[in-house]
Structure formats: structure tokens, C-alpha cells
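Visitor: There's a structure below that I have some questions on.
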Amino acid sequence: MSYFGDIASATKTLISGMKITGRYFFVNFFTRKEIITVEYPDNIDTLKMFDRFRGEIVMYHDENNQHRCDACTMCEIACPNGSIEIIWDKAINEETGKPKKFLEEHIYHLEMCTMCGLCIEACPADAIMWGQNFHHATQDRSHLTKSLNQPGSSFIPGYKNPKK
Amino acid sequence: MGNQQFLADKIRTQEYHLNMGPQHPATHGVMRMVLKLDGEEIRDVEPVMGYIHRSIEKMSEHITYKQIIHLTDRLDYLSSHQNNEAVALLVEKATGIEVNDRIKVIRTIMSELSRIASHQLWWAVMGMDTGALTTFFYGFRDRELINDIFEETCGSRLTMNYSVIGGVRYDLHENFVKRVKDFIVHFRKKLPEYDQLLSNNVIFRKRTEGIGILTKEQVIAFGMNGPTARASGFVCDIRKKIPYSAYDRVHFEEIMATEGDAFARYKVRILEMWESMRIIEQLIDDIPEGEFKVKTKAVIKLPAGEHLQRVETARGDFGVYAISDGKKNPFRLKFRSPSFANMHGLNKMSEGTKIADLVVNFSTIDVVVPDIDR
């Protein structure tokens, strides 16, 4: 192809490409139909994440500030990168009179977590589950180490795991 | 002419070295290339790897097979589902776990969706590397729909971690089939636009045609595979050769080209997106009923010996090779990653070309740097 022939064909194909971009620009400019980008914080009120979205791990608490974790440490064993630490202690169970484990603190290192979900799968009592919050950016790294059980919370008395 | 000869005699020239990367936007990640240049012509390309080496293979020796799967997301993050599937298939094959048809079909659909998403991202970046920024937005616009499908069903957009030993983690979401069908209707309309926008553009053609030619023999000698090798006429599709999951029941063509240049590699990937859509269409209408996960033992131990499983990711032949001594974690584990093998063709294909062509060549082999370094 000649030098000028090249320029002509390049212009022609450029225009055929510009047709697409031009159409998107003008049609969307007037109809606002296919606009898919949103400036992020603008839609924060209406933004709803999918139910299965893996944002963080949270612990279920009922209205009496009671949870289902009996500190069996299955999640701690299942975690591949040590994001979960469970601090437990033993106390005498008043009914049976035998010492029984109870949860003191369920420490969750969000900065190490890869959201693989093995802990939630391993949990026999469904005590922990996925939370949909994704606003994890903080100024300080220490904020990422969280305590999953709320202060003052306790084990649901006599809770029996239906799976066991 | 006489004047130039005079200058050439008087002025001493020499080859010199230039660093490209490790934080160069055209290197698609943390990848450094030491170029040996004569003027603007490339004499030698030496890829320097290991900037994001995370020793995933060594880490895998200390964790159980269930836990290894989440690490494979972090190898080739654009085809994370296929990587998960490879480990899951390896363990299922070695321990004799039979999975039902539903699981096989779900895995195949997810694999093909990942392949389309990966090729869309590649197309977006390929246009950007050759100087067409528009493609970047259009590619990402269409990829967003697939990411939504993944997020709704798997819970994550990129590191899906969906395939587990003995099945998949969750059952398909109720919107899944509708969303996939909508996506295919949408993308069948948009893919011809890709051609109109970039493939038929004369400027783009001039940048890619006849650049970075690799012959079939060279491709085989370097151990390259995937779309990169198929563009040179090397028949290497694992989906056809060693069918896994539901690939033996679908009809699709192995896309081949014979030119072996940058445009052939481009063409193969564009046509692969059409084929992937064909595969999904064949499966999506009647997904078999059944459980999404079969029961497995709590602690999975592989029988002692060597185990190998190969899958076809968006970049080529991904292999997992495990040596087991009968314990719950592997004695040695090796990931054979397609990007690492494809990387080695870069030196040969860039010989005698200009620096600008190196960017095009690097883009058409479509490497993912975490897959090289592991």
C-alpha cells in the first residue's frame, strides 16, 4: 500500500472506531441509559452488597448479647494463616459440676485474613459468619485486630449445636 | 550517504543496557527486564523474576490440601477458578472422590466465565499498551458483569476460592442462570464492537502484524502453551487433549492460527471468547440436579506417590504436581504455571525489533506476574 493509501485507510478505520465511541458518548449524554460508572461515595446510601459477599468475619449475637461460641477452637485450627486466636478459660458448670470451657476473647486479625472461609465452614455451631462491611481502611494497623465477641457477652446457656 | 558513512567511521557506537521495570506500567506487575539495545533495536531481553516471590509452593508443604486451595487464587489471579479446580481435581483423582454431574457442569461454566473475564481484561490492556485508552474502559465495562456473577454466587470478585475438594463451596445463586444468559446476550452484541474498535484498525494492525514471530518449533522448544502457542500452530488445548470436568460433553473448536505473530495471538484470544460463550450456552440451559458438594472425610490424606493434574487456564496449561508421603500435607508441591513458560519466548520474539514492539509482544503473551514468581 502506498503512503497516502495508508493514511486514507487509517483515517477510515479510525472513523469507524470513533463511531462507536461517539455513539456511546452522545446517546448516553442525552438518554443516560448505559452509564455504568458511579462516583463511589455518592451511592453509599443505596449500595447493598450481595448476601454472600465476603467482607469480614463477624460473630452472631442475639438480643441478649449472647453468642454461640463455646471456644472449641475449630476455626483456629482450620485457619491457614493464623488470623484467629481464641482465648478461653475453664469454669465450673453449675448444672453438672464439671469444669467447662468458655470463651474469653475471640481475636480476629483482619490484616492477615485472606477471606478463604475455612473457619466458617469448620465452625460446628455457626457462631461466626460473613459480614458485608468492606470499609476496612484505617490510619493505624492496630485497628485491624478485632475482638469478635462483644464486651460483656456470654454463651447462650444450654445451647446445643443441631449439627452435632 | 557519503556523509553518513563518514560519521559511522568517526563515531564509536556500542550496545548498552536499559532497565525496564520493575515498576513499569507496561510490565503488568512487578517485573523487571534488562534490555540489551543497539540504538533502539533490541538485541537481548533478560527477564528478571522474583520481585513478588511468596514461596507459595513451600508454604503449601505445611498446610493441608483444603487450605492449599486458597493460596492458588493468588497465583494467576485472573483465572483463579481454574487454579482452584486443578487442586480440587488432583485430590479427587488421587483419593477417588467421585463428584456428580452438577458439580462438573458448575465448574465448567465458572471456568469459561473466568476465561472470558481474563481475555476481556487482556484485551483492555492490550489496547492500552498500543496506545488506545478507550479499550480499557470498554473491556472493564463488560468484565464488570462477570464479576457481579462471581460476587453473587462465590462471594468474591477476583480471588473466588469457589471450587473445594469434593464440589463447590456454595450452590448456584438463584439469579445465576438469568445473569449468565443476560451477559451472553449483552456480550454477543459487544464483541463485534471490539473488532470494529481495535482489530480492524489499520494503525493497530501495523503495530501487530508481522511483529514477534515465533515458529511452531520454537514454541514447542520453549515449552509455551495456551493461546500464545496455539497462535503458532501448536495443538495444545488441555480441554481437548485430556478432558476434565464437563469438557468431554460440549462441542467447541480449538482456536488455531499459523502466523505466529502478535496479531495471530490477538486473534486467537478474541475467537476464544466466542468459543467460551458457545460452551456456556450449551451447558447453562440444563444444569443437572444434585448436590453441590459431596461428603468428604474431615482430614484428607493423599496416598503415597506422585500425583499430577493439568487444567487449561486462560493462559495455558496449568499443572499441579504433588508428591505425597501419605500425610495430610504434601511432601513436595509444584505448580507448573503457564506464564512462566510463555515468558521465555519473549527473548526470541523480540530479537531485532524496537522497544515499542517489546511492549506489544509482552502484552500479547499475556503474562500475570504473580503466576511467574509464585
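Letters A, B, ... go to the chains of the C-alpha cells in the order shown; residues in each chain start at 1; ligands are counted from 1 in the same order.
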Output the contact residues of chain B with respect to chain A at a cut-off of 6 Å, based on only C-alpha atoms, as a CSV table (one decimal) with C-alpha atoms, in the first residue's frame.
Guide:
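Written output follows (iface-v9.csv):
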chain,number,residue,atom,x,y,z
B,67,GLN,CA,-6.0,-24.9,52.8
B,70,HIS,CA,-7.0,-20.6,48.8
B,152,GLU,CA,-23.2,-13.1,43.8
B,155,GLY,CA,-18.9,-14.1,47.4
B,196,GLN,CA,-14.6,-2.6,14.9
B,197,LEU,CA,-12.7,-0.6,17.5
B,201,ASN,CA,-7.9,-0.5,12.9
B,202,VAL,CA,-5.1,-0.1,10.4
Visitor: Skipping near chain neighbours, those fewer than 2 positions away, what residues fall within 9 Å of stretch 94-104 of chain A using only C-alpha atoms, listed as number ranges by chain?
Guide: A: 69-72, 86-92, 106, 149, 154-155
Visitor: Grab the atom CA of B:Ser118 to atom CA of B:Glu57 distance for me, in Å with one decimal place.
Guide: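 Interatomic distance here is 23.7 Å.
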Visitor: I'd like the contact shell of stretch 255-268 of chain B - 8 Å cut-off, only C-alpha atoms, skipping same-chain residues fewer than 5 positions apart - returned as a compact mmCIF listing (two decimals) with N, CA and C atoms, in the first residue's frame.
Guide:
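Full text of part-v7.txt as output:
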# COMPACT_ATOMS: atom_id res chain seq x y z
N ARG B 205 -3.22 -2.75 13.37
CA ARG B 205 -2.72 -3.84 12.52
C ARG B 205 -1.24 -3.66 12.21
N THR B 208 0.94 -4.68 15.01
CA THR B 208 0.97 -6.08 15.46
C THR B 208 1.30 -7.08 14.35
N GLU B 209 0.92 -6.81 13.12
CA GLU B 209 1.14 -7.82 12.08
C GLU B 209 2.61 -7.95 11.74
N GLY B 210 3.08 -9.19 11.73
CA GLY B 210 4.48 -9.45 11.39
C GLY B 210 5.46 -9.14 12.50
N ILE B 211 4.94 -8.82 13.70
CA ILE B 211 5.82 -8.48 14.83
C ILE B 211 5.91 -9.71 15.75
N GLY B 212 7.12 -9.98 16.21
CA GLY B 212 7.29 -11.02 17.22
C GLY B 212 6.90 -12.41 16.74
N ILE B 213 7.43 -12.80 15.59
CA ILE B 213 7.03 -14.08 15.02
C ILE B 213 7.75 -15.23 15.74
N LEU B 214 6.98 -16.23 16.11
CA LEU B 214 7.55 -17.46 16.67
C LEU B 214 7.06 -18.62 15.81
N THR B 215 7.97 -19.51 15.45
CA THR B 215 7.55 -20.67 14.68
C THR B 215 7.05 -21.76 15.64
N LYS B 216 6.41 -22.76 15.05
CA LYS B 216 5.88 -23.86 15.86
C LYS B 216 7.01 -24.57 16.61
N PRO B 227 -3.10 -19.94 24.45
CA PRO B 227 -3.36 -19.18 23.23
C PRO B 227 -2.08 -18.69 22.56
N THR B 228 -1.07 -18.40 23.35
CA THR B 228 0.19 -17.92 22.80
C THR B 228 0.80 -18.96 21.86
N ALA B 229 0.76 -20.23 22.25
CA ALA B 229 1.34 -21.28 21.43
C ALA B 229 0.41 -21.68 20.30
N ARG B 230 -0.90 -21.63 20.57
CA ARG B 230 -1.85 -22.01 19.53
C ARG B 230 -1.80 -21.04 18.35
N ALA B 231 -1.37 -19.81 18.60
CA ALA B 231 -1.24 -18.84 17.51
C ALA B 231 -0.13 -19.22 16.56
N SER B 232 0.80 -20.07 17.00
CA SER B 232 1.87 -20.53 16.12
C SER B 232 1.58 -21.91 15.56
N GLY B 233 0.41 -22.44 15.78
CA GLY B 233 0.04 -23.71 15.19
C GLY B 233 0.35 -24.92 16.04
N PHE B 234 0.57 -24.74 17.34
CA PHE B 234 0.85 -25.87 18.22
C PHE B 234 -0.46 -26.30 18.90
N VAL B 235 -0.88 -27.53 18.62
CA VAL B 235 -2.14 -28.03 19.18
C VAL B 235 -1.90 -28.41 20.64
N VAL B 360 4.33 -4.47 22.88
CA VAL B 360 3.25 -5.21 22.21
C VAL B 360 3.44 -6.71 22.42
N ASN B 361 4.67 -7.19 22.24
CA ASN B 361 4.92 -8.62 22.41
C ASN B 361 4.63 -9.07 23.83
N THR B 364 0.97 -9.39 24.25
CA THR B 364 0.27 -10.49 23.58
C THR B 364 0.56 -11.85 24.20
N ILE B 365 1.67 -11.98 24.92
CA ILE B 365 1.84 -13.27 25.59
C ILE B 365 1.04 -13.32 26.90
Visitor: Calculate how many Å separate atom CA of B:Glu193 from atom CA of B:Ile116, rounding to one decimal.
Guide: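 Rounded to one decimal, the two atoms are 15.6 Å apart.
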Visitor: Between A:Leu110, A:Gly5, A:Pro151, A:Asp140, which residue has the minimum interatomic distance to A:Val58, considering only C-alpha atoms?
Guide: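 Distance minimum relative to A:Val58 lands on A:Leu110.
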Visitor: Mind giving me the straight-line distance from atom CA of B:Ala124 to atom CA of B:Met49 in Å, one decimal?
Guide: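 Answer for the atom CA of B:Ala124 to atom CA of B:Met49 separation: 24.5 Å.
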Visitor: As a PyMOL selection string, please: all residues of stretch 12-152 of chain A that backbone DSSP puts in strand (DSSP E).
Guide: chain A and resi 56-59+66-67+84-92+99-109+128-131+145-147
Visitor: If you run DSSP over the backbone, which residues in chain A end up alpha helix (DSSP H)? Put them as a short mmCIF file (atom, residue, chain, number, x, y, z; two decimals) with N, CA and C atoms, in the first residue's frame.
Guide:
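Output file selection_20.cif follows:
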data_model
loop_
_atom_site.label_atom_id
_atom_site.label_comp_id
_atom_site.auth_asym_id
_atom_site.auth_seq_id
_atom_site.Cartn_x
_atom_site.Cartn_y
_atom_site.Cartn_z
N TYR A 3 1.91 5.26 0.56
CA TYR A 3 1.97 6.09 1.77
C TYR A 3 0.64 6.78 2.01
N PHE A 4 0.09 7.37 0.93
CA PHE A 4 -1.17 8.10 1.08
C PHE A 4 -2.35 7.14 1.25
N GLY A 5 -2.23 5.98 0.60
CA GLY A 5 -3.27 4.95 0.79
C GLY A 5 -3.37 4.52 2.23
N ASP A 6 -2.20 4.40 2.88
CA ASP A 6 -2.17 4.06 4.31
C ASP A 6 -2.90 5.08 5.14
N ILE A 7 -2.59 6.34 4.86
CA ILE A 7 -3.21 7.42 5.64
C ILE A 7 -4.73 7.38 5.45
N ALA A 8 -5.14 7.16 4.22
CA ALA A 8 -6.58 7.13 3.94
C ALA A 8 -7.26 5.99 4.68
N SER A 9 -6.66 4.77 4.61
CA SER A 9 -7.31 3.63 5.26
C SER A 9 -7.26 3.76 6.78
N ALA A 10 -6.16 4.35 7.30
CA ALA A 10 -6.09 4.55 8.75
C ALA A 10 -7.17 5.51 9.20
N THR A 11 -7.39 6.56 8.43
CA THR A 11 -8.45 7.52 8.79
C THR A 11 -9.81 6.85 8.77
N LYS A 12 -9.99 6.01 7.72
CA LYS A 12 -11.29 5.35 7.58
C LYS A 12 -11.58 4.44 8.79
N THR A 13 -10.60 3.63 9.17
CA THR A 13 -10.83 2.73 10.30
C THR A 13 -10.93 3.50 11.62
N LEU A 14 -10.18 4.60 11.70
CA LEU A 14 -10.30 5.42 12.91
C LEU A 14 -11.72 5.96 13.05
N ILE A 15 -12.27 6.41 11.91
CA ILE A 15 -13.62 6.97 11.97
C ILE A 15 -14.62 5.87 12.32
N SER A 16 -14.41 4.66 11.79
CA SER A 16 -15.35 3.59 12.13
C SER A 16 -15.26 3.23 13.60
N GLY A 17 -14.08 3.37 14.19
CA GLY A 17 -13.96 3.18 15.64
C GLY A 17 -14.58 4.33 16.40
N MET A 18 -14.38 5.54 15.88
CA MET A 18 -14.92 6.73 16.55
C MET A 18 -16.44 6.74 16.54
N LYS A 19 -17.01 6.02 15.56
CA LYS A 19 -18.47 5.93 15.52
C LYS A 19 -18.99 5.31 16.82
N ILE A 20 -18.29 4.23 17.25
CA ILE A 20 -18.72 3.55 18.47
C ILE A 20 -18.56 4.47 19.68
N THR A 21 -17.38 5.03 19.82
CA THR A 21 -17.16 5.89 20.99
C THR A 21 -18.08 7.10 20.94
N GLY A 22 -18.28 7.65 19.74
CA GLY A 22 -19.16 8.80 19.59
C GLY A 22 -20.59 8.46 19.94
N ARG A 23 -21.02 7.26 19.49
CA ARG A 23 -22.39 6.87 19.79
C ARG A 23 -22.59 6.74 21.30
N TYR A 24 -21.64 6.06 21.95
CA TYR A 24 -21.77 5.93 23.41
C TYR A 24 -21.80 7.28 24.07
N PHE A 25 -20.94 8.18 23.58
CA PHE A 25 -20.86 9.49 24.24
C PHE A 25 -22.16 10.26 24.10
N PHE A 26 -22.63 10.38 22.84
CA PHE A 26 -23.78 11.26 22.63
C PHE A 26 -25.09 10.63 23.09
N VAL A 27 -25.26 9.34 22.78
CA VAL A 27 -26.51 8.69 23.18
C VAL A 27 -26.63 8.69 24.70
N ASN A 28 -25.54 8.33 25.39
CA ASN A 28 -25.60 8.29 26.84
C ASN A 28 -25.67 9.69 27.44
N PHE A 29 -25.12 10.66 26.72
CA PHE A 29 -25.15 12.03 27.23
C PHE A 29 -26.58 12.52 27.35
N PHE A 30 -27.42 12.10 26.36
CA PHE A 30 -28.81 12.58 26.38
C PHE A 30 -29.75 11.62 27.09
N THR A 31 -29.55 10.31 26.87
CA THR A 31 -30.52 9.38 27.45
C THR A 31 -30.11 8.87 28.83
N MET A 74 -12.09 -24.87 66.74
CA MET A 74 -12.04 -25.50 65.41
C MET A 74 -11.64 -24.48 64.35
N CYS A 75 -12.13 -23.24 64.48
CA CYS A 75 -11.81 -22.22 63.49
C CYS A 75 -10.34 -21.86 63.54
N GLU A 76 -9.80 -21.84 64.75
CA GLU A 76 -8.38 -21.51 64.89
C GLU A 76 -7.52 -22.56 64.20
N ILE A 77 -7.93 -23.83 64.30
CA ILE A 77 -7.18 -24.91 63.67
C ILE A 77 -7.33 -24.85 62.15
N ALA A 78 -8.54 -24.52 61.69
CA ALA A 78 -8.79 -24.54 60.25
C ALA A 78 -8.11 -23.38 59.53
N LEU A 118 -12.59 -20.92 55.50
CA LEU A 118 -12.45 -22.26 56.09
C LEU A 118 -12.91 -22.28 57.54
N CYS A 119 -12.75 -21.16 58.24
CA CYS A 119 -13.16 -21.12 59.65
C CYS A 119 -14.67 -21.23 59.77
N ILE A 120 -15.37 -20.51 58.87
CA ILE A 120 -16.84 -20.54 58.92
C ILE A 120 -17.35 -21.93 58.57
N GLU A 121 -16.65 -22.58 57.62
CA GLU A 121 -17.02 -23.95 57.27
C GLU A 121 -16.76 -24.90 58.43
N ALA A 122 -15.68 -24.63 59.16
CA ALA A 122 -15.29 -25.55 60.23
C ALA A 122 -16.15 -25.39 61.47
#
Visitor: Considering only C-alpha atoms, can you say which of B:Arg207, B:Asn347, B:Asp371, B:Arg269 comes closest to B:Arg43?
Guide: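 Looking at the shortest contact to B:Arg43, the residue is B:Asn347.
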Visitor: Which one is closest to B:His173: B:Cys154, B:Asn161, B:Glu312, B:Cys236? Count only C-alpha atoms.
Guide: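 Using only C-alpha atoms, the shortest distance to B:His173 belongs to B:Cys154.
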Visitor: Got a sec: who's within 6 Å of A:Ser153, counting only C-alpha atoms, leaving out chain neighbours fewer than 2 positions off, as a PyMOL selection string?
Guide: chain A and resi 65-66+150-151
Visitor: Could you list, as a ChimeraX atom specification, every residue within 9 Å of B:Arg143, counting only C-alpha atoms and ignoring same-chain residues fewer than 4 positions away?
Guide: /B:116-118,120-121,138-139,147-148
